[in-house]
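**Q** Sharing a structure below in structure tokens format, with a few things to ask.
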Amino acid sequence: MSGPGRARVEAKASAELKAVQAALGAEHAAVYGYGVVGGKIVEARRTEARAAYDAHRARRDELTRDVRDLGGKPAPAAAAYALPFPVTDSESAVRLAAELEDRVAGVYSDLVRAADGGRRRAAAGALREAAVRAVRWRGESVAFPGLAERSATSTASATGTG
């Protein structure tokens, strides 16, 4: 293949690799964040936090392989990540867990758009799992998981508050 057809295929592959790398970065941050959550969460919810931590570690490892399969070099985890707010008690740990899941869902929504086939199905499954965990942490749902962050930004921009 040559010419415009090849360029489209290469652009699609590049966009997919970029989306997989972004998802990997989100999973690195989620693993870090759940370490913080686990340190502050009440005993009654510690099993739930551990299950989420394990799920994000598994997704992180899967995405590391995907990056390599796409010919990229997996981005390493940062030594630390800035938290969106101080986590000082169980209540703030629960809020952080919900925030982590919302952010992960948003990144997976981008990967769903960029990928095809099995990788797209896996990204849709990861988005669904993150949305379900966010609902469990928060106790309520959003209309379009993975898009809540974008709509909040759009609304703030439209009203001049962002």
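FYI, nothing fancy with the structure tokens labels: chains A, B, ... in order, residues from 1 per chain, ligands from 1 as they appear.
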Segment 70-73 of chain A: which residues within 12 Å, counting only C-alpha atoms, same-chain residues fewer than 5 positions away excluded, as a list in words?
**A** Glu10, Lys12, Ala13, Ser14, Ala15, Glu16, Leu17, Lys18, Ala19, Val20, Gln21, Leu24, Leu63, Thr64, Arg65, Ala115 and Arg119 of chain A
**Q** The selected residues should be written to file as a short mmCIF file (atom, residue, chain, number, x, y, z; two decimals), in the first residue's frame (atoms: all heavy atoms).
**A**
```cif
data_model
loop_
_atom_site.label_atom_id
_atom_site.label_comp_id
_atom_site.auth_asym_id
_atom_site.auth_seq_id
_atom_site.Cartn_x
_atom_site.Cartn_y
_atom_site.Cartn_z
N GLU A 10 -1.19 4.48 8.82
CA GLU A 10 -0.14 4.88 9.76
C GLU A 10 -0.68 5.87 10.79
O GLU A 10 -0.33 5.80 11.97
CB GLU A 10 1.06 5.47 9.01
CG GLU A 10 1.85 4.41 8.26
CD GLU A 10 2.95 4.99 7.39
OE1 GLU A 10 3.10 6.22 7.33
OE2 GLU A 10 3.66 4.19 6.76
N LYS A 12 -3.77 6.06 11.84
CA LYS A 12 -4.65 5.28 12.73
C LYS A 12 -3.81 4.52 13.75
O LYS A 12 -4.12 4.52 14.95
CB LYS A 12 -5.51 4.32 11.90
CG LYS A 12 -6.30 3.31 12.69
CD LYS A 12 -7.62 3.87 13.11
CE LYS A 12 -8.47 2.76 13.70
NZ LYS A 12 -9.06 3.14 14.95
N ALA A 13 -2.73 3.88 13.29
CA ALA A 13 -1.85 3.13 14.20
C ALA A 13 -1.20 4.07 15.22
O ALA A 13 -1.09 3.73 16.40
CB ALA A 13 -0.79 2.37 13.40
N SER A 14 -0.80 5.25 14.77
CA SER A 14 -0.18 6.22 15.66
C SER A 14 -1.19 6.70 16.71
O SER A 14 -0.85 6.83 17.89
CB SER A 14 0.35 7.41 14.86
OG SER A 14 0.84 8.40 15.71
N ALA A 15 -2.42 6.96 16.29
CA ALA A 15 -3.46 7.40 17.23
C ALA A 15 -3.78 6.30 18.24
O ALA A 15 -3.98 6.57 19.42
CB ALA A 15 -4.72 7.80 16.46
N GLU A 16 -3.79 5.06 17.78
CA GLU A 16 -4.06 3.95 18.69
C GLU A 16 -2.94 3.80 19.71
O GLU A 16 -3.19 3.65 20.91
CB GLU A 16 -4.25 2.65 17.91
CG GLU A 16 -4.65 1.49 18.80
CD GLU A 16 -5.00 0.23 18.02
OE1 GLU A 16 -4.88 0.21 16.78
OE2 GLU A 16 -5.39 -0.76 18.66
N LEU A 17 -1.69 3.88 19.26
CA LEU A 17 -0.56 3.78 20.18
C LEU A 17 -0.61 4.92 21.21
O LEU A 17 -0.41 4.69 22.40
CB LEU A 17 0.77 3.80 19.43
CG LEU A 17 2.03 3.79 20.29
CD1 LEU A 17 2.08 2.58 21.22
CD2 LEU A 17 3.28 3.83 19.41
N LYS A 18 -0.91 6.12 20.76
CA LYS A 18 -1.02 7.26 21.67
C LYS A 18 -2.12 7.02 22.71
O LYS A 18 -1.93 7.29 23.90
CB LYS A 18 -1.30 8.53 20.88
CG LYS A 18 -1.34 9.78 21.70
CD LYS A 18 -1.57 11.01 20.83
CE LYS A 18 -1.68 12.25 21.69
NZ LYS A 18 -1.96 13.44 20.88
N ALA A 19 -3.26 6.50 22.29
CA ALA A 19 -4.37 6.22 23.22
C ALA A 19 -4.01 5.10 24.19
O ALA A 19 -4.37 5.16 25.38
CB ALA A 19 -5.64 5.88 22.44
N VAL A 20 -3.30 4.09 23.72
CA VAL A 20 -2.87 3.00 24.61
C VAL A 20 -1.87 3.54 25.63
O VAL A 20 -1.95 3.21 26.82
CB VAL A 20 -2.29 1.81 23.81
CG1 VAL A 20 -1.67 0.77 24.73
CG2 VAL A 20 -3.37 1.15 22.96
N GLN A 21 -0.94 4.38 25.20
CA GLN A 21 0.03 4.98 26.12
C GLN A 21 -0.70 5.84 27.17
O GLN A 21 -0.34 5.82 28.35
CB GLN A 21 1.05 5.85 25.38
CG GLN A 21 2.10 5.07 24.63
CD GLN A 21 3.25 4.58 25.51
OE1 GLN A 21 3.11 4.30 26.68
NE2 GLN A 21 4.41 4.44 24.88
N LEU A 24 -2.23 3.56 29.64
CA LEU A 24 -1.18 3.04 30.51
C LEU A 24 -0.82 4.07 31.57
O LEU A 24 -0.69 3.75 32.75
CB LEU A 24 0.06 2.66 29.68
CG LEU A 24 1.28 2.20 30.46
CD1 LEU A 24 0.97 0.97 31.32
CD2 LEU A 24 2.43 1.90 29.49
N LEU A 63 -1.72 -3.35 29.25
CA LEU A 63 -1.43 -2.21 28.38
C LEU A 63 0.06 -2.10 28.07
O LEU A 63 0.44 -1.69 26.96
CB LEU A 63 -1.93 -0.92 29.03
CG LEU A 63 -3.45 -0.78 29.05
CD1 LEU A 63 -3.87 0.31 30.03
CD2 LEU A 63 -4.00 -0.52 27.66
N THR A 64 0.90 -2.49 29.01
CA THR A 64 2.35 -2.51 28.75
C THR A 64 2.64 -3.45 27.58
O THR A 64 3.41 -3.10 26.68
CB THR A 64 3.11 -2.96 30.02
OG1 THR A 64 2.87 -2.00 31.05
CG2 THR A 64 4.60 -3.07 29.77
N ARG A 65 2.00 -4.62 27.58
CA ARG A 65 2.18 -5.56 26.46
C ARG A 65 1.61 -4.98 25.17
O ARG A 65 2.22 -5.12 24.10
CB ARG A 65 1.50 -6.89 26.79
CG ARG A 65 2.24 -7.71 27.85
CD ARG A 65 1.66 -9.10 28.02
NE ARG A 65 0.28 -9.09 28.49
CZ ARG A 65 -0.08 -9.01 29.78
NH1 ARG A 65 0.84 -8.95 30.71
NH2 ARG A 65 -1.35 -9.01 30.12
N ALA A 115 -9.23 2.51 18.87
CA ALA A 115 -8.87 1.11 18.61
C ALA A 115 -9.94 0.38 17.81
O ALA A 115 -11.06 0.86 17.63
CB ALA A 115 -8.63 0.40 19.94
N ARG A 119 -8.78 -5.05 20.94
CA ARG A 119 -8.31 -3.96 21.82
C ARG A 119 -9.46 -3.00 22.12
O ARG A 119 -9.58 -2.50 23.23
CB ARG A 119 -7.14 -3.24 21.17
CG ARG A 119 -6.43 -2.31 22.14
CD ARG A 119 -5.09 -1.82 21.63
NE ARG A 119 -4.13 -2.91 21.64
CZ ARG A 119 -3.48 -3.35 20.57
NH1 ARG A 119 -3.67 -2.82 19.40
NH2 ARG A 119 -2.62 -4.34 20.66
#
```
**Q** Using only C-alpha atoms, which of the listed residues (A:Asp69, A:Glu43, A:Glu101, A:Asp61) sits closest to Arg138 of chain A?
**A**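 Smallest distance to Arg138 of chain A is found for A:Glu101.
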**Q** Using only C-alpha atoms, pick whichever of A:Ala124, A:Ala114, A:Leu96, A:Val67 has the shortest atom-to-atom distance to Leu83 of chain A.
**A**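 That would be A:Leu96, the residue with the smallest distance to Leu83 of chain A.
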**Q** Hey, which of A:Ala131, A:Ala77, A:Val87, A:Ala97 ends up closest to Glu27 of chain A? Count only C-alpha atoms.
**A**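 For Glu27 of chain A, the nearest of the given residues is A:Ala77.
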**Q** Give me, please, the distance in Å between atom CA of Val31 of chain A and atom CA of Gly117 of chain A, quoted to one decimal.
**A**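 Taking atom CA of Val31 of chain A and atom CA of Gly117 of chain A, their separation equals 26.4 Å.
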**Q** Separation of atom CA of Tyr32 of chain A and atom CA of Val94 of chain A, in Å?
**A**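 Atom CA of Tyr32 of chain A sits 14.6 Å away from atom CA of Val94 of chain A.
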